[in-house]
>>> print(open('protein-v4.tsv').read())   # TSV, C-alpha atoms
chain	number	residue	atom	x	y	z
X	1204	MET	CA	0.00	0.00	0.00
X	1205	THR	CA	1.56	3.33	-1.08
X	1206	ASN	CA	0.25	6.88	-1.42
X	1207	ASN	CA	1.45	10.32	-0.41
X	1208	LEU	CA	0.69	9.67	3.24
X	1209	THR	CA	1.83	6.17	4.09
X	1210	PRO	CA	5.15	4.30	4.01
X	1211	SER	CA	5.35	1.14	1.92
X	1212	GLY	CA	3.40	-1.88	3.12
X	1213	ASP	CA	6.54	-4.06	2.89
X	1214	LYS	CA	8.36	-1.73	5.28
X	1215	VAL	CA	5.48	-1.85	7.77
X	1216	LEU	CA	5.27	-5.65	7.55
X	1217	GLU	CA	8.98	-5.81	8.33
X	1218	GLN	CA	8.46	-3.56	11.36
X	1219	LEU	CA	5.60	-5.80	12.50
X	1220	GLY	CA	7.74	-8.91	12.10
X	1221	ILE	CA	5.38	-10.48	9.53
X	1222	ASN	CA	7.02	-12.37	6.66
X	1223	PRO	CA	4.39	-12.57	3.87
X	1224	HIS	CA	6.27	-15.49	2.24
X	1225	ASN	CA	6.40	-17.61	5.37
X	1226	LEU	CA	2.96	-17.28	6.97
X	1227	SER	CA	2.36	-21.04	7.21
X	1228	VAL	CA	5.46	-21.51	9.38
X	1229	HIS	CA	4.71	-18.72	11.84
X	1230	PHE	CA	0.93	-19.17	11.88
X	1231	PRO	CA	0.10	-22.88	11.47
X	1232	ASN	CA	-3.54	-22.34	12.51
X	1233	ARG	CA	-5.60	-21.89	9.31
X	1234	GLU	CA	-7.98	-19.27	10.73
X	1235	GLN	CA	-5.08	-17.24	12.04
X	1236	ARG	CA	-3.24	-17.54	8.75
X	1237	LEU	CA	-6.24	-16.17	6.84
X	1238	GLN	CA	-6.31	-13.09	9.05
X	1239	TYR	CA	-2.58	-12.44	8.63
X	1240	ARG	CA	-2.89	-12.95	4.88
X	1241	ALA	CA	-5.58	-10.26	4.90
X	1242	VAL	CA	-3.20	-7.98	6.83
X	1243	VAL	CA	-0.55	-8.51	4.12
X	1244	GLN	CA	-3.03	-7.83	1.31
X	1245	TRP	CA	-4.43	-4.66	2.85
X	1246	LEU	CA	-0.95	-3.26	3.47
X	1247	THR	CA	0.55	-4.17	0.08
X	1248	ASP	CA	-2.32	-4.22	-2.41
X	1249	TYR	CA	-4.74	-1.49	-1.33
X	1250	LYS	CA	-4.60	1.76	-3.29
X	1251	SER	CA	-6.96	4.66	-2.65
X	1252	LYS	CA	-8.71	6.31	-5.58
X	1253	PRO	CA	-7.77	9.81	-6.80
X	1254	GLY	CA	-9.51	12.45	-4.73
X	1255	ALA	CA	-10.11	10.02	-1.87
X	1256	SER	CA	-10.73	11.32	1.65
X	1257	ASN	CA	-7.92	11.15	4.18
X	1258	LEU	CA	-9.71	8.25	5.87
X	1259	GLU	CA	-9.79	6.34	2.59
X	1260	LYS	CA	-6.08	6.97	2.07
X	1261	VAL	CA	-5.24	5.13	5.30
X	1262	LYS	CA	-7.96	2.49	4.97
X	1263	GLY	CA	-5.41	-0.26	4.32
X	1264	TYR	CA	-3.85	0.37	7.72
X	1265	LEU	CA	-7.18	0.50	9.50
X	1266	GLU	CA	-8.37	-2.74	7.91
X	1267	ALA	CA	-5.07	-4.42	8.80
X	1268	PHE	CA	-5.57	-3.21	12.38
X	1269	HIS	CA	-9.02	-4.83	12.53
X	1270	HIS	CA	-7.69	-8.16	11.20
X	1271	LEU	CA	-4.93	-8.14	13.82
X	1272	CYS	CA	-7.57	-7.53	16.49
X	1273	GLN	CA	-9.49	-10.56	15.17
X	1274	VAL	CA	-6.57	-12.80	16.16
X	1275	GLU	CA	-6.04	-10.83	19.39
X	1276	ASP	CA	-2.57	-9.70	18.33
X	1277	TRP	CA	-2.77	-6.60	20.49
X	1278	ILE	CA	0.92	-5.76	20.31
X	1279	ARG	CA	0.97	-5.58	16.51
X	1280	SER	CA	-2.43	-3.83	16.54
X	1281	SER	CA	-1.01	-1.08	18.74
X	1282	LYS	CA	2.11	-0.85	16.56
X	1283	ILE	CA	0.20	-0.44	13.31
X	1284	ILE	CA	-1.81	2.56	14.50
X	1285	SER	CA	1.46	4.03	15.80
X	1286	THR	CA	2.99	3.98	12.29
X	1287	GLN	CA	4.51	7.34	11.40
X	1288	LEU	CA	2.91	8.91	8.33
X	1289	ASP	CA	4.53	11.05	5.64
X	1290	THR	CA	2.64	14.24	6.50
X	1291	HIS	CA	3.73	17.81	7.31
X	1292	THR	CA	3.81	16.91	10.99
X	1293	ASN	CA	5.10	13.32	10.60
X	1294	ASP	CA	2.55	12.23	13.19
X	1295	GLU	CA	1.68	8.66	14.02
X	1296	LEU	CA	-1.48	7.34	12.35
X	1297	HIS	CA	-3.73	7.68	15.39
X	1298	HIS	CA	-2.48	11.21	16.12
X	1299	GLN	CA	-3.08	12.19	12.50
X	1300	LEU	CA	-6.63	10.86	12.70
X	1301	LEU	CA	-7.13	13.21	15.64
X	1302	LEU	CA	-5.80	16.16	13.61
X	1303	TRP	CA	-8.15	15.28	10.77
X	1304	GLY	CA	-11.06	15.26	13.20
X	1305	TYR	CA	-11.99	11.57	12.98
X	1306	TYR	CA	-12.88	11.46	16.67
X	1307	ARG	CA	-15.53	8.75	16.52
X	1308	GLU	CA	-13.35	6.47	14.40
X	1309	LEU	CA	-10.49	6.97	16.86
X	1310	ILE	CA	-12.66	6.04	19.82
X	1311	GLU	CA	-13.67	2.86	18.02
X	1312	LEU	CA	-10.00	1.98	17.40
X	1313	TYR	CA	-8.91	2.70	20.96
X	1314	ASN	CA	-11.85	0.81	22.45
X	1315	GLN	CA	-10.72	-2.35	20.66
X	1316	LEU	CA	-7.39	-2.08	22.51
X	1317	TRP	CA	-8.93	-0.99	25.81
X	1318	GLY	CA	-8.19	-3.51	28.54
X	1319	LYS	CA	-6.22	-5.80	26.22
X	1320	LEU	CA	-2.70	-4.70	27.20
X	1321	SER	CA	-1.43	-5.16	30.73
X	1322	LEU	CA	0.27	-2.41	32.72
X	1323	ASN	CA	3.20	-4.75	33.25
X	1324	HIS	CA	3.67	-5.08	29.49
X	1325	ASP	CA	3.32	-1.50	28.25
X	1326	ALA	CA	2.27	1.00	30.90
X	1327	ILE	CA	3.47	3.95	28.82
X	1328	PHE	CA	1.29	2.91	25.87
X	1329	ILE	CA	-1.73	2.50	28.17
X	1330	ALA	CA	-1.14	5.94	29.72
X	1331	ASN	CA	-1.01	7.39	26.21
X	1332	LEU	CA	-4.09	5.38	25.21
X	1333	CYS	CA	-6.05	6.94	28.09
X	1334	ASN	CA	-4.74	10.36	27.13
X	1335	ASN	CA	-5.66	9.90	23.46
X	1336	LEU	CA	-9.14	8.64	24.31
X	1337	GLY	CA	-9.50	11.80	26.36
X	1338	ASN	CA	-8.41	13.88	23.36
X	1339	ALA	CA	-11.01	12.21	21.13
X	1340	TYR	CA	-13.82	12.84	23.61
X	1341	TYR	CA	-12.53	16.38	24.10
X	1342	GLY	CA	-12.79	16.94	20.35
X	1343	LEU	CA	-16.43	15.85	20.51
X	1344	GLY	CA	-17.11	18.33	23.32
X	1345	LYS	CA	-17.62	15.52	25.85
X	1346	TYR	CA	-15.45	17.14	28.47
X	1347	PHE	CA	-16.43	15.10	31.52
X	1348	GLN	CA	-15.63	11.84	29.71
X	1349	ALA	CA	-12.36	13.39	28.55
X	1350	ILE	CA	-11.50	14.35	32.14
X	1351	ASP	CA	-12.12	10.78	33.30
X	1352	TYR	CA	-9.59	9.42	30.80
X	1353	TYR	CA	-7.08	12.20	31.50
X	1354	GLN	CA	-7.28	11.37	35.22
X	1355	GLN	CA	-6.58	7.71	34.47
X	1356	SER	CA	-3.63	8.71	32.30
X	1357	LEU	CA	-2.33	10.95	35.09
X	1358	SER	CA	-2.60	8.16	37.67
X	1359	ILE	CA	-0.66	5.71	35.48
X	1360	ALA	CA	1.98	8.31	34.58
X	1361	ARG	CA	2.58	9.05	38.25
X	1362	ALA	CA	2.65	5.36	39.16
X	1363	ILE	CA	5.38	4.64	36.60
X	1364	ARG	CA	7.10	8.01	37.21
X	1365	ASP	CA	6.82	9.13	33.60
X	1366	ARG	CA	7.14	12.89	34.04
X	1367	GLU	CA	6.52	13.72	30.39
X	1368	ALA	CA	3.23	11.77	30.36
X	1369	GLU	CA	2.31	13.34	33.70
X	1370	GLY	CA	2.82	16.83	32.31
X	1371	ARG	CA	0.81	16.01	29.20
X	1372	ALA	CA	-2.12	14.67	31.25
X	1373	LEU	CA	-2.08	17.74	33.51
X	1374	GLY	CA	-2.10	20.02	30.47
X	1375	ASN	CA	-5.03	18.19	28.93
X	1376	LEU	CA	-6.95	18.36	32.21
X	1377	GLY	CA	-6.33	22.11	32.11
X	1378	ASN	CA	-7.70	22.32	28.56
X	1379	ALA	CA	-10.85	20.40	29.53
X	1380	TYR	CA	-11.52	22.57	32.57
X	1381	ASN	CA	-10.87	25.69	30.49
X	1382	SER	CA	-13.53	24.54	28.02
X	1383	LEU	CA	-15.91	23.99	30.95
X	1384	GLU	CA	-15.17	27.60	31.99
X	1385	TYR	CA	-13.34	26.63	35.22
X	1386	TYR	CA	-10.51	29.00	34.35
X	1387	LEU	CA	-8.67	29.18	37.66
X	1388	LYS	CA	-8.64	25.40	37.94
X	1389	ALA	CA	-7.38	25.22	34.36
X	1390	ILE	CA	-4.55	27.65	35.16
X	1391	ASP	CA	-3.52	25.56	38.17
X	1392	TYR	CA	-3.21	22.43	35.99
X	1393	HIS	CA	-1.33	24.33	33.27
X	1394	LYS	CA	1.16	25.74	35.78
X	1395	GLN	CA	1.84	22.23	37.08
X	1396	SER	CA	2.33	21.06	33.49
X	1397	LEU	CA	4.68	23.98	32.76
X	1398	SER	CA	6.74	23.28	35.86
X	1399	ILE	CA	7.26	19.64	34.84
X	1400	ALA	CA	8.11	20.53	31.23
X	1401	ARG	CA	10.80	22.96	32.36
X	1402	GLU	CA	12.12	20.53	34.96
X	1403	ILE	CA	12.69	17.76	32.38
X	1404	GLY	CA	13.66	20.04	29.48
X	1405	ASP	CA	10.56	19.21	27.40
X	1406	ARG	CA	10.42	22.19	25.02
X	1407	ASN	CA	7.31	20.96	23.26
X	1408	GLY	CA	5.50	20.50	26.56
X	1409	GLU	CA	6.71	23.92	27.73
X	1410	GLY	CA	5.38	25.59	24.59
X	1411	CYS	CA	2.02	23.84	24.87
X	1412	ALA	CA	1.67	24.77	28.56
X	1413	LEU	CA	2.51	28.42	27.86
X	1414	GLY	CA	-0.02	28.48	25.02
X	1415	SER	CA	-2.72	26.96	27.20
X	1416	LEU	CA	-1.97	29.42	30.01
X	1417	GLY	CA	-2.35	32.22	27.48
X	1418	ASP	CA	-5.70	30.83	26.36
X	1419	ALA	CA	-6.97	30.64	29.96
X	1420	CYS	CA	-5.76	34.19	30.69
X	1421	ASN	CA	-7.61	35.30	27.55
X	1422	SER	CA	-10.79	33.80	28.96
X	1423	LEU	CA	-10.31	35.67	32.25
X	1424	GLY	CA	-9.73	38.97	30.45
X	1425	ASN	CA	-6.04	39.17	31.41
X	1426	TYR	CA	-5.04	40.05	27.85
X	1427	GLY	CA	-1.59	41.48	28.59
X	1428	GLN	CA	-0.58	38.35	30.50
X	1429	ALA	CA	-2.17	36.19	27.79
X	1430	ILE	CA	-0.14	37.89	25.05
X	1431	GLU	CA	3.06	37.45	27.06
X	1432	TYR	CA	2.47	33.71	27.49
X	1433	LEU	CA	1.36	33.24	23.88
X	1434	LYS	CA	4.38	35.02	22.40
X	1435	GLN	CA	6.67	32.77	24.44
X	1436	SER	CA	4.70	29.76	23.19
X	1437	LEU	CA	5.00	30.98	19.60
X	1438	VAL	CA	8.78	31.38	19.85
X	1439	ILE	CA	9.16	27.81	21.14
X	1440	ALA	CA	6.76	26.35	18.55
X	1441	LYS	CA	8.74	27.96	15.72
X	1442	SER	CA	12.10	26.91	17.16
X	1443	ILE	CA	11.13	23.22	17.39
X	1444	GLY	CA	8.99	23.16	14.24
X	1445	ASN	CA	5.70	22.33	15.96
X	1446	ARG	CA	3.27	23.69	13.36
X	1447	ASN	CA	0.16	22.72	15.32
X	1448	SER	CA	1.29	24.64	18.43
X	1449	GLU	CA	2.32	27.55	16.21
X	1450	GLY	CA	-1.16	27.68	14.70
X	1451	CYS	CA	-2.77	27.51	18.15
X	1452	ALA	CA	-0.57	30.31	19.52
X	1453	LEU	CA	-1.34	32.53	16.52
X	1454	GLY	CA	-5.06	31.90	16.87
X	1455	ASN	CA	-5.06	32.69	20.58
X	1456	LEU	CA	-3.00	35.84	19.97
X	1457	GLY	CA	-5.69	36.82	17.50
X	1458	LYS	CA	-8.33	36.31	20.19
X	1459	ALA	CA	-6.40	38.50	22.64
X	1460	TYR	CA	-5.97	41.34	20.14
X	1461	ASN	CA	-9.61	40.97	19.11
X	1462	SER	CA	-10.62	41.47	22.75
X	1463	LEU	CA	-8.37	44.57	22.85
X	1464	GLU	CA	-10.28	45.79	19.75
X	1465	ASP	CA	-7.11	45.76	17.63
X	1466	TYR	CA	-9.00	44.16	14.76
X	1467	PRO	CA	-6.37	44.46	11.97
X	1468	GLN	CA	-3.82	42.71	14.21
X	1469	ALA	CA	-6.40	40.07	15.16
X	1470	ILE	CA	-7.23	39.36	11.51
X	1471	GLU	CA	-3.53	39.01	10.66
X	1472	TYR	CA	-3.04	36.42	13.38
X	1473	PHE	CA	-6.23	34.55	12.49
X	1474	GLN	CA	-5.23	34.40	8.80
X	1475	LYS	CA	-1.77	33.05	9.66
X	1476	SER	CA	-3.38	30.49	11.97
X	1477	LEU	CA	-5.83	29.41	9.25
X	1478	THR	CA	-3.02	28.97	6.71
X	1479	ILE	CA	-1.06	26.69	9.04
X	1480	PHE	CA	-4.04	24.54	9.99
X	1481	GLN	CA	-4.99	24.10	6.33
X	1482	GLU	CA	-1.39	23.15	5.46
X	1483	ILE	CA	-1.15	20.45	8.15
X	1484	GLY	CA	-4.71	19.19	7.70
X	1485	ASP	CA	-5.91	20.13	11.21
X	1486	ARG	CA	-9.66	20.31	10.62
X	1487	ASN	CA	-10.47	21.31	14.19
X	1488	GLY	CA	-7.99	24.19	14.06
X	1489	GLU	CA	-9.20	25.22	10.60
X	1490	GLY	CA	-12.81	25.38	11.79
X	1491	LYS	CA	-11.86	27.46	14.82
X	1492	ALA	CA	-9.77	29.87	12.71
X	1493	LEU	CA	-12.64	30.40	10.26
X	1494	GLY	CA	-14.99	31.02	13.17
X	1495	ASN	CA	-12.60	33.57	14.65
X	1496	LEU	CA	-12.37	35.39	11.33
X	1497	GLY	CA	-16.17	35.41	11.19
X	1498	LEU	CA	-16.33	36.87	14.68
X	1499	VAL	CA	-13.98	39.76	13.94
X	1500	CYS	CA	-15.70	40.52	10.62
X	1501	GLY	CA	-18.96	40.73	12.53
X	1502	LEU	CA	-17.43	43.20	14.98
X	1503	LEU	CA	-16.30	45.26	11.97
X	1504	GLU	CA	-19.94	45.15	10.77
X	1505	ASP	CA	-19.03	43.23	7.62
X	1506	TYR	CA	-21.86	40.79	8.26
X	1507	THR	CA	-21.91	39.19	4.80
X	1508	GLN	CA	-18.25	38.21	5.08
X	1509	ALA	CA	-18.77	37.19	8.70
X	1510	ILE	CA	-21.60	34.81	7.78
X	1511	GLU	CA	-19.52	33.34	4.96
X	1512	TYR	CA	-16.65	32.49	7.33
X	1513	LEU	CA	-19.03	31.23	10.00
X	1514	GLN	CA	-20.87	28.93	7.60
X	1515	GLN	CA	-17.54	27.36	6.58
X	1516	SER	CA	-16.67	26.93	10.26
X	1517	LEU	CA	-20.06	25.36	10.98
X	1518	ILE	CA	-19.69	22.84	8.14
X	1519	ILE	CA	-16.33	21.65	9.51
X	1520	ALA	CA	-17.53	21.55	13.13
X	1521	ARG	CA	-20.50	19.38	12.19
X	1522	GLU	CA	-18.42	17.19	9.89
X	1523	ILE	CA	-15.95	16.28	12.65
X	1524	GLY	CA	-18.40	16.40	15.56
X	1525	ASP	CA	-16.76	19.38	17.31
X	1526	ARG	CA	-19.70	20.43	19.51
X	1527	ASN	CA	-17.82	23.25	21.23
X	1528	THR	CA	-16.97	25.07	17.99
X	1529	GLU	CA	-20.43	24.32	16.62
X	1530	GLY	CA	-22.05	25.98	19.65
X	1531	ILE	CA	-19.80	29.05	19.44
X	1532	THR	CA	-20.32	29.41	15.68
X	1533	LEU	CA	-24.09	29.11	15.94
X	1534	SER	CA	-24.07	31.85	18.57
X	1535	ASP	CA	-21.95	34.12	16.36
X	1536	MET	CA	-24.27	33.42	13.42
X	1537	GLY	CA	-27.19	34.47	15.61
X	1538	VAL	CA	-25.46	37.74	16.49
X	1539	ALA	CA	-24.72	38.44	12.81
X	1540	TYR	CA	-28.31	37.82	11.70
X	1541	TYR	CA	-29.62	39.93	14.61
X	1542	SER	CA	-27.38	42.79	13.45
X	1543	LEU	CA	-28.90	42.45	9.97
X	1544	GLY	CA	-32.38	42.73	11.46
X	1545	LYS	CA	-33.19	39.09	10.67
X	1546	TYR	CA	-34.50	38.27	14.11
X	1547	ALA	CA	-36.25	34.98	13.33
X	1548	GLU	CA	-33.03	33.57	11.85
X	1549	ALA	CA	-31.09	34.88	14.85
X	1550	ILE	CA	-33.46	33.08	17.24
X	1551	ASN	CA	-33.06	29.83	15.32
X	1552	TYR	CA	-29.25	29.96	15.63
X	1553	HIS	CA	-29.27	31.00	19.30
X	1554	GLN	CA	-31.68	28.19	20.19
X	1555	GLN	CA	-29.43	25.65	18.47
X	1556	SER	CA	-26.43	27.10	20.31
X	1557	LEU	CA	-28.25	26.94	23.65
X	1558	THR	CA	-29.05	23.26	23.14
X	1559	ILE	CA	-25.37	22.47	22.55
X	1560	VAL	CA	-23.90	24.51	25.41
X	1561	ARG	CA	-26.40	22.93	27.79
X	1562	GLU	CA	-25.37	19.51	26.54
X	1563	ILE	CA	-21.65	20.11	27.09
X	1564	GLY	CA	-22.11	21.96	30.40
X	1565	GLN	CA	-20.94	25.51	29.61
X	1566	ARG	CA	-22.76	27.68	32.13
X	1567	HIS	CA	-21.58	31.15	30.98
X	1568	ALA	CA	-22.31	30.24	27.36
X	1569	GLN	CA	-25.85	29.31	28.41
X	1570	GLU	CA	-26.23	32.73	30.04
X	1571	ARG	CA	-25.07	34.47	26.85
X	1572	ALA	CA	-27.38	32.40	24.64
X	1573	LEU	CA	-30.40	33.16	26.83
X	1574	LEU	CA	-29.66	36.91	26.86
X	1575	ASN	CA	-29.29	36.87	23.07
X	1576	LEU	CA	-32.67	35.15	22.84
X	1577	VAL	CA	-34.22	37.78	25.13
X	1578	ARG	CA	-32.96	40.52	22.79
X	1579	ALA	CA	-34.19	38.79	19.64
X	1580	PHE	CA	-37.63	37.94	21.04
X	1581	CYS	CA	-38.03	41.54	22.24
X	1582	ALA	CA	-37.13	42.78	18.75
X	1583	LEU	CA	-40.00	40.65	17.41
X	1584	ARG	CA	-42.25	41.87	20.28
X	1585	LYS	CA	-42.65	38.32	21.53
X	1586	TYR	CA	-42.43	39.45	25.12
X	1587	ASP	CA	-43.79	36.24	26.65
X	1588	LYS	CA	-40.95	34.28	25.04
X	1589	ALA	CA	-38.45	36.95	26.08
X	1590	MET	CA	-39.69	36.75	29.67
X	1591	GLU	CA	-39.39	32.96	29.64
X	1592	CYS	CA	-35.75	33.15	28.51
X	1593	ASN	CA	-35.03	35.89	31.03
X	1594	GLN	CA	-36.37	33.74	33.86
X	1595	GLN	CA	-34.14	30.88	32.76
X	1596	HIS	CA	-31.20	33.30	32.73
X	1597	LEU	CA	-31.98	34.53	36.25
X	1598	ALA	CA	-32.19	30.93	37.49
X	1599	LEU	CA	-28.69	30.29	36.12
X	1600	ILE	CA	-27.03	33.29	37.76
X	1601	GLN	CA	-28.63	32.91	41.20
>>> encode(input="protein-v4.tsv", output="structure tokens")
Amino acid sequence: MTNNLTPSGDKVLEQLGINPHNLSVHFPNREQRLQYRAVVQWLTDYKSKPGASNLEKVKGYLEAFHHLCQVEDWIRSSKIISTQLDTHTNDELHHQLLLWGYYRELIELYNQLWGKLSLNHDAIFIANLCNNLGNAYYGLGKYFQAIDYYQQSLSIARAIRDREAEGRALGNLGNAYNSLEYYLKAIDYHKQSLSIAREIGDRNGEGCALGSLGDACNSLGNYGQAIEYLKQSLVIAKSIGNRNSEGCALGNLGKAYNSLEDYPQAIEYFQKSLTIFQEIGDRNGEGKALGNLGLVCGLLEDYTQAIEYLQQSLIIAREIGDRNTEGITLSDMGVAYYSLGKYAEAINYHQQSLTIVREIGQRHAQERALLNLVRAFCALRKYDKAMECNQQHLALIQ
């Protein structure tokens, strides 16, 4: 199997220790042999069609993984999804699936390995498995499930004294709590993560922790501190060639300058962020960058351009199941349509946003959605509906 993304099937078979010409010797059981023959065929014979999706391009690997699971060859199964791909970021297959936004497919893969490897055999892999399951649920906006897996990853990392894995789990816990609007708790986790990264000389971890601290400070309105952290993160990301972290830092710098009403600077950062995410195939980052551009265009009263960006963001968010970005984008769409005097459309978007932020547990976002609905219903003189939303808002803030 060869395409622009994957190494040759023969090379992967060699790494897996599978000799396609000697299957009968190593696997005398006929049923087993059939499964390994299928592994060989998927890795060497499968070719994706021109214009195929990213998932189709790596289908040979995923099918080989499933056949290995059929014979309960968990070691080789874990190795095959850890194959390094020929992408801009040179990520392992399962990490690249996360970048592409295939969260549900990832959860299915990880669940097949869940509980199959013992801590005695590969504790580091299991800690990473918990962490990656958390990342997939995080991408779907299921933050409490993500936190559960991050906590398991943290416990294992501490038990085996893997400081790098410990720092990574702490950072991801910070990201989850930040998305749940527990900003001070998020900052505490990120500071612990930063301390570990600096202690062990993990520049990537240091850059990620600084970027996440900047994002949390943004959320608290500490824009000067946020910019300081984010610029440090950006310097590190560029120095080590971490394009994903670079894109994140640029996007968060854009958010800080947007909050400071420096809109030209914000747009410049958002555009740079969008370019990077499109180059590396990070669909989640691309959707967020488009949404941010839509937000700033709306603030500049260019509502047509804002809606265009926001619709692109919404398509991506729904395609990959990113409920957080979907909720934010729907809210921003509602604000844009309200500004255009299209109150019924605004109500439709705000109601959809409210449903999502309730589902994922974002209290402040619920408050904003309800206030936006009060405004829109009042504009249509539907005062009974406005009063109903206002009462729900008051119940939230009491």
>>> atom_distance(input="protein-v4.tsv", atom1="atom CA of Pro1223 of chain X", atom2="atom CA of Val1243 of chain X")
6.4 Å
>>> closest_residue(input="protein-v4.tsv", among="X:Ile1550, X:Leu1397, X:Leu1288, X:Ile1221", to="Gly1414 of chain X", atoms="all atoms listed in the file")
X:Leu1397
>>> residues_near_point(input="protein-v4.tsv", point="(-3.9, -12.6, 4.8)", cutoff="12 Å", atoms="all atoms listed in the file", output="count of residues only")
31
>>> residues_near_point(input="protein-v4.tsv", point="(2.4, 27.4, 33.4)", cutoff="7 Å", atoms="only C-alpha atoms", output="PyMOL selection string")
chain X and resi 1393-1398+1412-1413+1416
>>> residues_around(input="protein-v4.tsv", residues="segment 1481-1488 of chain X", least_positions_apart="6", cutoff="9 Å", atoms="all atoms listed in the file", output="list in words")
Thr1290, His1291, Thr1292, Gln1299, Leu1301, Leu1302, Trp1303, Gly1304, Gly1342, Arg1446, Asn1447, Gly1450, Cys1451, Gly1454, Ile1519, Ala1520, Ile1523, Asp1525 and Thr1528 of chain X
>>> closest_atom_pairs(input="protein-v4.tsv", of="segment 1469-1513 of chain X", to="segment 1429-1444 of chain X", cutoff="12 Å", atoms="all atoms listed in the file", output="CSV")
residue,atom,partner,partner_atom,distance
X:Ala1469,CA,X:Ile1430,CA,11.9
X:Tyr1472,CA,X:Leu1437,CA,11.5
X:Ser1476,CA,X:Leu1437,CA,11.3
X:Ile1479,CA,X:Gly1444,CA,11.9
>>> atom_distance(input="protein-v4.tsv", atom1="atom CA of Glu1504 of chain X", atom2="atom CA of Ala1547 of chain X")
19.4 Å
>>> closest_residue(input="protein-v4.tsv", among="X:Leu1557, X:Ile1390, X:Val1215, X:Leu1332", to="Ile1283 of chain X", atoms="all atoms listed in the file")
X:Val1215
>>> closest_residue(input="protein-v4.tsv", among="X:Asp1213, X:Asp1535, X:Asp1418, X:Glu1384", to="Ile1563 of chain X", atoms="all atoms listed in the file")
X:Glu1384
>>> closest_residue(input="protein-v4.tsv", among="X:Ser1280, X:Leu1583, X:Asp1505, X:Leu1453", to="Lys1545 of chain X", atoms="all atoms listed in the file")
X:Leu1583
>>> closest_residue(input="protein-v4.tsv", among="X:Ala1572, X:Ala1400, X:Ala1379, X:Leu1312", to="Asn1338 of chain X", atoms="all atoms listed in the file")
X:Ala1379
>>> atom_distance(input="protein-v4.tsv", atom1="atom CA of Gly1457 of chain X", atom2="atom CA of Ile1470 of chain X")
6.7 Å
>>> closest_residue(input="protein-v4.tsv", among="X:Ser1382, X:Ser1516, X:Tyr1313, X:Ala1579", to="Gly1544 of chain X", atoms="only C-alpha atoms")
X:Ala1579
>>> axis_aligned_box(input="protein-v4.tsv", around="segment 1374-1381 of chain X", padding_each_side="4 Å", output="JSON")
{"center_x": -6.8, "center_y": 21.9, "center_z": 30.6, "size_x": 17.4, "size_y": 15.5, "size_z": 12.0}
>>> residues_around(input="protein-v4.tsv", residues="Arg1361 of chain X", least_positions_apart="2", cutoff="12 Å", atoms="only C-alpha atoms", output="list in words")
Ala1326, Ile1327, Ala1330, Gln1354, Gln1355, Ser1356, Leu1357, Ser1358, Ile1359, Ile1363, Arg1364, Asp1365, Arg1366, Glu1367, Ala1368, Glu1369, Gly1370, Arg1371, Ala1372 and Leu1373 of chain X
